[in-house]
file upload.tsv (TSV, C-alpha atoms)
chain	number	residue	atom	x	y	z
A	15	MET	CA	100.55	100.84	92.72
A	16	LYS	CA	99.69	98.63	95.73
A	17	HIS	CA	96.42	100.48	96.27
A	18	PHE	CA	95.42	100.17	92.62
A	19	LEU	CA	96.07	96.43	92.64
A	20	PHE	CA	93.92	96.08	95.75
A	21	ILE	CA	91.15	98.13	94.21
A	22	ALA	CA	91.27	96.14	90.96
A	23	PHE	CA	91.19	92.88	92.96
A	24	LEU	CA	88.35	94.11	95.11
A	25	CYS	CA	86.31	95.06	92.07
A	26	LEU	CA	86.98	91.81	90.25
A	27	ALA	CA	86.11	89.78	93.31
A	28	SER	CA	82.88	91.65	93.86
A	29	GLY	CA	81.59	91.68	90.33
A	30	VAL	CA	81.55	95.48	90.28
A	31	PHE	CA	82.96	95.49	86.76
A	32	ALA	CA	79.91	93.70	85.48
A	33	GLN	CA	77.46	96.59	85.86
A	34	ASP	CA	79.39	99.81	86.43
A	35	ASN	CA	82.57	99.02	84.59
A	36	ASN	CA	83.36	102.51	83.38
A	37	LEU	CA	82.70	104.32	86.65
A	38	VAL	CA	84.76	101.92	88.74
A	39	VAL	CA	87.56	101.72	86.17
A	40	LEU	CA	87.71	105.51	86.05
A	41	GLY	CA	87.65	105.67	89.85
A	42	ASN	CA	90.46	103.13	90.05
A	43	LYS	CA	92.52	105.12	87.57
A	44	GLU	CA	92.07	108.32	89.56
A	45	MET	CA	92.96	106.50	92.81
A	46	ASN	CA	96.10	105.17	91.17
A	47	ASP	CA	96.99	108.69	90.02
A	48	GLY	CA	96.37	110.14	93.49
A	49	ASN	CA	93.30	112.12	92.41
A	50	TYR	CA	91.21	111.03	95.37
A	51	ARG	CA	88.50	113.66	95.05
A	52	LEU	CA	87.86	112.72	91.43
A	53	ALA	CA	87.93	109.01	92.27
A	54	GLN	CA	85.39	109.75	94.99
A	55	ASP	CA	83.01	111.21	92.39
A	56	TYR	CA	83.25	108.10	90.23
A	57	TYR	CA	82.71	105.73	93.14
A	58	GLN	CA	79.77	107.78	94.42
A	59	ALA	CA	78.17	107.61	90.97
A	60	ALA	CA	78.72	103.83	90.88
A	61	LEU	CA	77.25	103.53	94.39
A	62	GLU	CA	74.14	105.44	93.32
A	63	LYS	CA	73.57	102.79	90.64
A	64	GLU	CA	74.36	99.87	92.93
A	65	PRO	CA	73.66	100.92	96.56
A	66	GLN	CA	73.96	97.41	97.97
A	67	ASN	CA	77.42	96.73	96.60
A	68	TRP	CA	79.31	96.77	99.89
A	69	ASN	CA	82.71	96.81	98.16
A	70	LEU	CA	81.90	100.22	96.72
A	71	TYR	CA	81.54	101.51	100.27
A	72	THR	CA	85.09	100.33	100.95
A	73	LEU	CA	86.40	102.00	97.80
A	74	LEU	CA	84.64	105.24	98.60
A	75	GLY	CA	85.75	105.08	102.22
A	76	PHE	CA	89.34	104.66	101.09
A	77	CYS	CA	88.98	107.82	98.98
A	78	TYR	CA	87.87	109.71	102.08
A	79	HIS	CA	90.69	108.15	104.10
A	80	LYS	CA	93.28	109.28	101.55
A	81	GLN	CA	91.83	112.80	101.81
A	82	ARG	CA	92.21	112.63	105.61
A	83	ARG	CA	88.46	112.71	106.04
A	84	TYR	CA	88.56	109.95	108.59
A	85	ARG	CA	85.09	110.22	110.12
A	86	PRO	CA	83.16	109.95	106.83
A	87	ALA	CA	85.53	107.14	105.83
A	88	ASP	CA	84.78	105.30	109.08
A	89	SER	CA	81.03	105.59	108.44
A	90	LEU	CA	81.44	103.95	105.03
A	91	PHE	CA	83.71	101.21	106.37
A	92	ARG	CA	81.16	100.55	109.13
A	93	ILE	CA	78.45	100.01	106.50
A	94	ALA	CA	80.69	97.62	104.56
A	95	VAL	CA	81.63	95.67	107.70
A	96	GLN	CA	78.04	95.40	108.93
A	97	ASN	CA	76.79	94.11	105.61
A	98	ASP	CA	79.69	91.88	104.54
A	99	SER	CA	81.49	90.60	107.61
A	100	THR	CA	83.31	87.90	105.62
A	101	ASN	CA	85.27	90.40	103.54
A	102	SER	CA	88.60	91.27	105.18
A	103	LYS	CA	89.31	94.49	103.28
A	104	PRO	CA	86.81	96.77	105.06
A	105	PHE	CA	88.32	95.64	108.39
A	106	TRP	CA	91.80	96.41	107.05
A	107	TYR	CA	90.90	99.92	105.98
A	108	LYS	CA	88.79	100.55	109.06
A	109	GLY	CA	91.84	99.55	111.12
A	110	LEU	CA	94.06	101.92	109.14
A	111	ASN	CA	91.52	104.67	109.58
A	112	HIS	CA	91.46	104.22	113.37
A	113	LEU	CA	95.26	104.08	113.37
A	114	SER	CA	95.34	107.44	111.59
A	115	MET	CA	92.90	108.89	114.15
A	116	ARG	CA	95.04	107.44	116.96
A	117	GLN	CA	92.13	105.32	118.15
A	118	ASP	CA	94.43	102.44	118.92
A	119	SER	CA	91.97	100.17	120.74
A	120	LEU	CA	89.59	100.26	117.76
A	121	SER	CA	92.49	99.75	115.39
A	122	ILE	CA	93.49	96.60	117.28
A	123	VAL	CA	89.95	95.20	117.11
A	124	ASN	CA	89.70	95.72	113.35
A	125	PHE	CA	93.14	94.34	112.52
A	126	LYS	CA	92.41	91.27	114.64
A	127	LYS	CA	89.21	90.72	112.67
A	128	PHE	CA	91.19	91.16	109.43
A	129	ILE	CA	93.69	88.54	110.63
A	130	SER	CA	90.96	86.08	111.62
A	131	ILE	CA	89.45	86.27	108.13
A	132	GLU	CA	92.73	86.26	106.20
A	133	LYS	CA	94.26	83.40	108.22
A	134	ASN	CA	91.70	81.09	106.68
A	135	ARG	CA	92.69	82.33	103.23
A	136	ASN	CA	96.46	82.22	103.80
A	137	GLY	CA	96.69	85.97	103.25
A	138	SER	CA	99.69	88.09	104.18
A	139	LEU	CA	99.39	89.16	107.79
A	140	VAL	CA	102.76	90.79	108.52
A	141	GLN	CA	101.59	94.39	108.35
A	142	ALA	CA	98.45	93.65	110.37
A	143	TYR	CA	100.60	92.11	113.13
A	144	ARG	CA	102.83	95.18	112.98
A	145	TYR	CA	99.90	97.60	113.23
A	146	ILE	CA	98.46	95.75	116.24
A	147	GLY	CA	101.85	95.88	117.96
A	148	GLN	CA	102.21	99.56	117.09
A	149	SER	CA	98.76	100.38	118.46
A	150	TYR	CA	99.45	98.56	121.72
A	151	GLU	CA	102.86	100.24	121.95
A	152	ARG	CA	101.32	103.70	121.70
A	153	ILE	CA	98.83	102.81	124.45
A	154	LEU	CA	101.66	101.38	126.58
A	155	ARG	CA	103.66	104.60	126.30
A	156	LYS	CA	100.65	106.90	126.81
A	157	ASP	CA	98.35	105.24	129.34
A	158	GLY	CA	99.88	101.87	130.18
A	159	LEU	CA	98.63	98.32	129.61
A	160	PHE	CA	97.45	95.46	131.74
A	161	SER	CA	99.63	92.36	131.82
A	162	TRP	CA	97.45	90.42	129.37
A	163	GLU	CA	97.54	93.35	126.93
A	164	ILE	CA	101.34	93.45	127.10
A	165	ASP	CA	101.41	89.72	126.39
A	166	ASP	CA	99.11	90.25	123.41
A	167	MET	CA	101.29	93.11	122.13
A	168	LEU	CA	104.42	90.98	122.40
A	169	TYR	CA	102.68	88.07	120.70
A	170	HIS	CA	101.67	90.18	117.70
A	171	TYR	CA	105.11	91.77	117.43
A	172	GLU	CA	106.70	88.30	117.53
A	173	GLN	CA	104.38	87.19	114.73
A	174	VAL	CA	105.95	89.80	112.44
A	175	GLU	CA	109.30	88.00	112.53
A	176	ARG	CA	107.69	84.56	112.32
A	177	ALA	CA	105.70	85.59	109.25
A	178	ASP	CA	108.61	87.39	107.55
A	179	PRO	CA	112.09	87.16	109.14
A	180	SER	CA	113.44	89.59	106.54
A	181	TYR	CA	110.87	92.28	107.38
A	182	VAL	CA	112.75	95.58	107.63
A	183	GLU	CA	111.50	96.45	111.14
A	184	VAL	CA	112.40	93.10	112.76
A	185	PRO	CA	115.56	94.48	114.49
A	186	GLN	CA	113.61	97.42	116.01
A	187	ILE	CA	110.82	95.09	117.08
A	188	ARG	CA	113.31	92.73	118.75
A	189	ASN	CA	114.91	95.67	120.59
A	190	PHE	CA	111.50	96.88	121.76
A	191	ILE	CA	110.52	93.40	122.99
A	192	GLU	CA	113.79	93.17	124.93
A	193	LEU	CA	113.20	96.62	126.42
A	194	VAL	CA	109.69	95.70	127.57
A	195	ASN	CA	110.82	92.37	128.99
A	196	SER	CA	113.69	94.00	130.91
A	197	LYS	CA	111.63	96.85	132.40
A	198	ARG	CA	108.27	95.16	132.91
A	199	PRO	CA	107.50	94.47	136.58
A	200	ALA	CA	107.67	90.76	137.42
A	201	ASN	CA	104.45	90.81	139.46
A	202	GLN	CA	102.52	93.45	137.57
A	203	VAL	CA	99.32	94.63	139.19
A	204	GLY	CA	97.09	97.00	137.21
A	205	LYS	CA	98.44	98.95	134.27
A	206	TRP	CA	102.14	99.44	133.60
A	207	LYS	CA	103.38	102.34	131.54
A	208	LEU	CA	106.66	102.30	129.63
A	209	GLU	CA	108.48	105.57	130.15
call {"tool": "encode", "arguments": {"input": "upload.tsv", "output": "structure tokens"}}
result
Amino acid sequence: MKHFLFIAFLCLASGVFAQDNNLVVLGNKEMNDGNYRLAQDYYQAALEKEPQNWNLYTLLGFCYHKQRRYRPADSLFRIAVQNDSTNSKPFWYKGLNHLSMRQDSLSIVNFKKFISIEKNRNGSLVQAYRYIGQSYERILRKDGLFSWEIDDMLYHYEQVERADPSYVEVPQIRNFIELVNSKRPANQVGKWKLE
């Protein structure tokens, strides 16, 4: 249901309904029903009629993402981001896509861009903060992080609780922050890896 509401909002905000109402509505319905391949067909048809509607690239990219076709999805999100850098949604889905591909550094960049846009609009940022923390955490456990990166990770994890103290993962995040603070070298030089 969340995805359908986003898609409906995205279409309303972009004026997609004005020209290709039936194709987008049908695509939204199929997305909502989990028929991503069929939704893809509708969005592609709408995109053929309106190739400079950057929101359609996001919708189509999300179809690919849901089908675990991450590289084609990333190409579509890249087009949307390059042509409409004030829209936060392509950055959100591009971040999710990189998260799914375990490209954590790229995920962090895109979620930070999403946050910078949405902060000005008072949008909900809790999950973006969480994803940035999660991406840093995976890097910390795999390759290690520099001191400033650890500080940035902790900052974003702390923002989760500040934004929503009742968020279900707050206790785990607090425990992780305590673990990092207790094991982190006081005078860290280079990268430190949490083992």
call {"tool": "residues_around", "arguments": {"input": "upload.tsv", "residues": "region 67-73 of chain A", "least_positions_apart": "4", "cutoff": "9 Å", "atoms": "all atoms listed in the file", "output": "list in words"}}
result
Ile21, Leu24, Cys25, Ser28, Val30, Val38, Gly41, Asn42, Gln54, Tyr57, Gln58, Ala60, Leu61, Cys77, Tyr78, Ala87, Leu90, Phe91, Arg92, Ile93, Ala94, Val95, Asn97, Asp98, Asn101, Lys103, Pro104, Tyr107 and Lys108 of chain A
call {"tool": "residues_around", "arguments": {"input": "upload.tsv", "residues": "Gly109 (chain A)", "least_positions_apart": "5", "cutoff": "8 Å", "atoms": "only C-alpha atoms", "output": "list of chain:residue names"}}
result
A:Leu120, A:Ser121, A:Ile122, A:Val123, A:Asn124, A:Phe125
call {"tool": "write_last_selection", "arguments": {"input": "upload.tsv", "atoms": "C-alpha atoms", "output": "compact mmCIF listing (two decimals), in the frame of the given file"}}
result
# COMPACT_ATOMS: atom_id res chain seq x y z
CA LEU A 120 89.59 100.26 117.76
CA SER A 121 92.49 99.75 115.39
CA ILE A 122 93.49 96.60 117.28
CA VAL A 123 89.95 95.20 117.11
CA ASN A 124 89.70 95.72 113.35
CA PHE A 125 93.14 94.34 112.52
call {"tool": "closest_residue", "arguments": {"input": "upload.tsv", "among": "A:Ser196, A:Ser114, A:Ser138, A:Ser161", "to": "Arg176 (chain A)", "atoms": "all atoms listed in the file"}}
result
A:Ser138
call {"tool": "atom_distance", "arguments": {"input": "upload.tsv", "atom1": "CA of Leu208 (chain A)", "atom2": "CA of Val174 (chain A)"}}
result
21.3 Å
call {"tool": "atom_distance", "arguments": {"input": "upload.tsv", "atom1": "CA of Asn36 (chain A)", "atom2": "CA of Tyr56 (chain A)"}}
result
8.8 Å
call {"tool": "closest_residue", "arguments": {"input": "upload.tsv", "among": "A:Val182, A:Ile191, A:Ile129, A:Ile164", "to": "Gly204 (chain A)", "atoms": "only C-alpha atoms"}}
result
A:Ile164
call {"tool": "atom_distance", "arguments": {"input": "upload.tsv", "atom1": "CA of Tyr145 (chain A)", "atom2": "CA of Leu113 (chain A)"}}
result
8.0 Å
call {"tool": "residues_around", "arguments": {"input": "upload.tsv", "residues": "Lys197 (chain A)", "least_positions_apart": "2", "cutoff": "10 Å", "atoms": "only C-alpha atoms", "output": "ChimeraX atom specification"}}
result
/A:192-195,199-200,206-209
call {"tool": "residues_near_point", "arguments": {"input": "upload.tsv", "point": "(100.8, 91.9, 117.7)", "cutoff": "12 Å", "atoms": "all atoms listed in the file", "output": "VMD selection string"}}
result
chain A and resid 121 to 123 125 to 126 129 139 to 151 163 to 177 187 191
call {"tool": "closest_residue", "arguments": {"input": "upload.tsv", "among": "A:Gln186, A:Gln96, A:Ser180, A:Ser102", "to": "Gly137 (chain A)", "atoms": "only C-alpha atoms"}}
result
A:Ser102
call {"tool": "closest_residue", "arguments": {"input": "upload.tsv", "among": "A:Ser99, A:Arg116, A:Asp55, A:Gly158", "to": "Lys205 (chain A)", "atoms": "all atoms listed in the file"}}
result
A:Gly158
call {"tool": "closest_residue", "arguments": {"input": "upload.tsv", "among": "A:Tyr84, A:Lys63, A:Asn134, A:Asp118", "to": "Lys156 (chain A)", "atoms": "all atoms listed in the file"}}
result
A:Asp118
call {"tool": "decode", "arguments": {"input": "upload.tsv", "residues": "region 124-160 of chain A", "atoms": "N, CA and C atoms", "output": "mmCIF file, in the first residue's frame"}}
result
data_model
loop_
_atom_site.group_PDB
_atom_site.id
_atom_site.type_symbol
_atom_site.label_atom_id
_atom_site.label_comp_id
_atom_site.auth_asym_id
_atom_site.auth_seq_id
_atom_site.Cartn_x
_atom_site.Cartn_y
_atom_site.Cartn_z
ATOM 1 N N ASN A 124 23.241 8.908 -2.078
ATOM 2 C CA ASN A 124 21.881 9.163 -2.543
ATOM 3 C C ASN A 124 20.918 9.450 -1.404
ATOM 4 N N PHE A 125 21.054 8.750 -0.291
ATOM 5 C CA PHE A 125 20.169 9.045 0.839
ATOM 6 C C PHE A 125 20.477 10.412 1.445
ATOM 7 N N LYS A 126 21.729 10.813 1.420
ATOM 8 C CA LYS A 126 22.061 12.156 1.907
ATOM 9 C C LYS A 126 21.441 13.217 1.003
ATOM 10 N N LYS A 127 21.451 12.985 -0.283
ATOM 11 C CA LYS A 127 20.816 13.933 -1.205
ATOM 12 C C LYS A 127 19.302 13.957 -0.956
ATOM 13 N N PHE A 128 18.711 12.792 -0.749
ATOM 14 C CA PHE A 128 17.282 12.719 -0.420
ATOM 15 C C PHE A 128 16.984 13.547 0.826
ATOM 16 N N ILE A 129 17.811 13.375 1.860
ATOM 17 C CA ILE A 129 17.611 14.116 3.112
ATOM 18 C C ILE A 129 17.729 15.611 2.878
ATOM 19 N N SER A 130 18.726 16.030 2.101
ATOM 20 C CA SER A 130 18.920 17.474 1.891
ATOM 21 C C SER A 130 17.714 18.098 1.183
ATOM 22 N N ILE A 131 17.084 17.367 0.302
ATOM 23 C CA ILE A 131 15.897 17.886 -0.388
ATOM 24 C C ILE A 131 14.687 17.855 0.543
ATOM 25 N N GLU A 132 14.487 16.730 1.217
ATOM 26 C CA GLU A 132 13.294 16.564 2.049
ATOM 27 C C GLU A 132 13.322 17.410 3.319
ATOM 28 N N LYS A 133 14.514 17.729 3.820
ATOM 29 C CA LYS A 133 14.605 18.579 5.015
ATOM 30 C C LYS A 133 13.922 19.915 4.785
ATOM 31 N N ASN A 134 14.068 20.444 3.600
ATOM 32 C CA ASN A 134 13.447 21.719 3.256
ATOM 33 C C ASN A 134 11.936 21.608 3.121
ATOM 34 N N ARG A 135 11.452 20.388 2.979
ATOM 35 C CA ARG A 135 10.011 20.162 2.804
ATOM 36 C C ARG A 135 9.381 19.534 4.041
ATOM 37 N N ASN A 136 10.179 19.400 5.097
ATOM 38 C CA ASN A 136 9.710 18.758 6.338
ATOM 39 C C ASN A 136 9.223 17.338 6.110
ATOM 40 N N GLY A 137 9.883 16.613 5.218
ATOM 41 C CA GLY A 137 9.511 15.223 4.950
ATOM 42 C C GLY A 137 10.028 14.300 6.036
ATOM 43 N N SER A 138 9.526 13.091 6.056
ATOM 44 C CA SER A 138 9.966 12.087 7.024
ATOM 45 C C SER A 138 11.336 11.554 6.606
ATOM 46 N N LEU A 139 12.268 11.602 7.546
ATOM 47 C CA LEU A 139 13.647 11.241 7.230
ATOM 48 C C LEU A 139 14.149 10.028 8.002
ATOM 49 N N VAL A 140 13.328 9.478 8.870
ATOM 50 C CA VAL A 140 13.768 8.407 9.772
ATOM 51 C C VAL A 140 14.405 7.254 9.006
ATOM 52 N N GLN A 141 13.718 6.742 8.006
ATOM 53 C CA GLN A 141 14.233 5.577 7.294
ATOM 54 C C GLN A 141 15.502 5.923 6.517
ATOM 55 N N ALA A 142 15.599 7.128 6.001
ATOM 56 C CA ALA A 142 16.822 7.530 5.291
ATOM 57 C C ALA A 142 18.005 7.553 6.258
ATOM 58 N N TYR A 143 17.798 8.119 7.467
ATOM 59 C CA TYR A 143 18.855 8.093 8.479
ATOM 60 C C TYR A 143 19.257 6.655 8.787
ATOM 61 N N ARG A 144 18.266 5.792 8.912
ATOM 62 C CA ARG A 144 18.526 4.379 9.228
ATOM 63 C C ARG A 144 19.347 3.716 8.117
ATOM 64 N N TYR A 145 18.967 3.964 6.866
ATOM 65 C CA TYR A 145 19.685 3.345 5.755
ATOM 66 C C TYR A 145 21.120 3.841 5.658
ATOM 67 N N ILE A 146 21.351 5.115 5.953
ATOM 68 C CA ILE A 146 22.725 5.638 5.936
ATOM 69 C C ILE A 146 23.534 4.943 7.027
ATOM 70 N N GLY A 147 22.970 4.857 8.229
ATOM 71 C CA GLY A 147 23.651 4.161 9.316
ATOM 72 C C GLY A 147 23.938 2.714 8.961
ATOM 73 N N GLN A 148 22.954 2.046 8.381
ATOM 74 C CA GLN A 148 23.107 0.641 7.996
ATOM 75 C C GLN A 148 24.204 0.474 6.952
ATOM 76 N N SER A 149 24.255 1.371 5.989
ATOM 77 C CA SER A 149 25.290 1.288 4.953
ATOM 78 C C SER A 149 26.679 1.471 5.554
ATOM 79 N N TYR A 150 26.825 2.498 6.402
ATOM 80 C CA TYR A 150 28.103 2.692 7.081
ATOM 81 C C TYR A 150 28.459 1.480 7.937
ATOM 82 N N GLU A 151 27.475 0.933 8.634
ATOM 83 C CA GLU A 151 27.738 -0.210 9.513
ATOM 84 C C GLU A 151 28.275 -1.397 8.725
ATOM 85 N N ARG A 152 27.701 -1.650 7.557
ATOM 86 C CA ARG A 152 28.211 -2.763 6.741
ATOM 87 C C ARG A 152 29.649 -2.515 6.312
ATOM 88 N N ILE A 153 29.962 -1.265 5.942
ATOM 89 C CA ILE A 153 31.335 -0.938 5.556
ATOM 90 C C ILE A 153 32.260 -1.105 6.762
ATOM 91 N N LEU A 154 31.814 -0.652 7.928
ATOM 92 C CA LEU A 154 32.617 -0.751 9.149
ATOM 93 C C LEU A 154 32.966 -2.199 9.459
ATOM 94 N N ARG A 155 32.016 -3.082 9.292
ATOM 95 C CA ARG A 155 32.239 -4.503 9.602
ATOM 96 C C ARG A 155 33.055 -5.201 8.510
ATOM 97 N N LYS A 156 32.946 -4.736 7.279
ATOM 98 C CA LYS A 156 33.641 -5.399 6.169
ATOM 99 C C LYS A 156 35.046 -4.856 5.949
ATOM 100 N N ASP A 157 35.161 -3.536 5.784
ATOM 101 C CA ASP A 157 36.438 -2.932 5.396
ATOM 102 C C ASP A 157 36.999 -1.958 6.422
ATOM 103 N N GLY A 158 36.147 -1.469 7.313
ATOM 104 C CA GLY A 158 36.555 -0.457 8.270
ATOM 105 C C GLY A 158 36.239 0.944 7.765
ATOM 106 N N LEU A 159 36.225 1.889 8.702
ATOM 107 C CA LEU A 159 35.918 3.288 8.389
ATOM 108 C C LEU A 159 36.952 4.206 9.013
ATOM 109 N N PHE A 160 37.135 5.354 8.383
ATOM 110 C CA PHE A 160 37.942 6.399 8.981
ATOM 111 C C PHE A 160 37.151 7.033 10.124
#
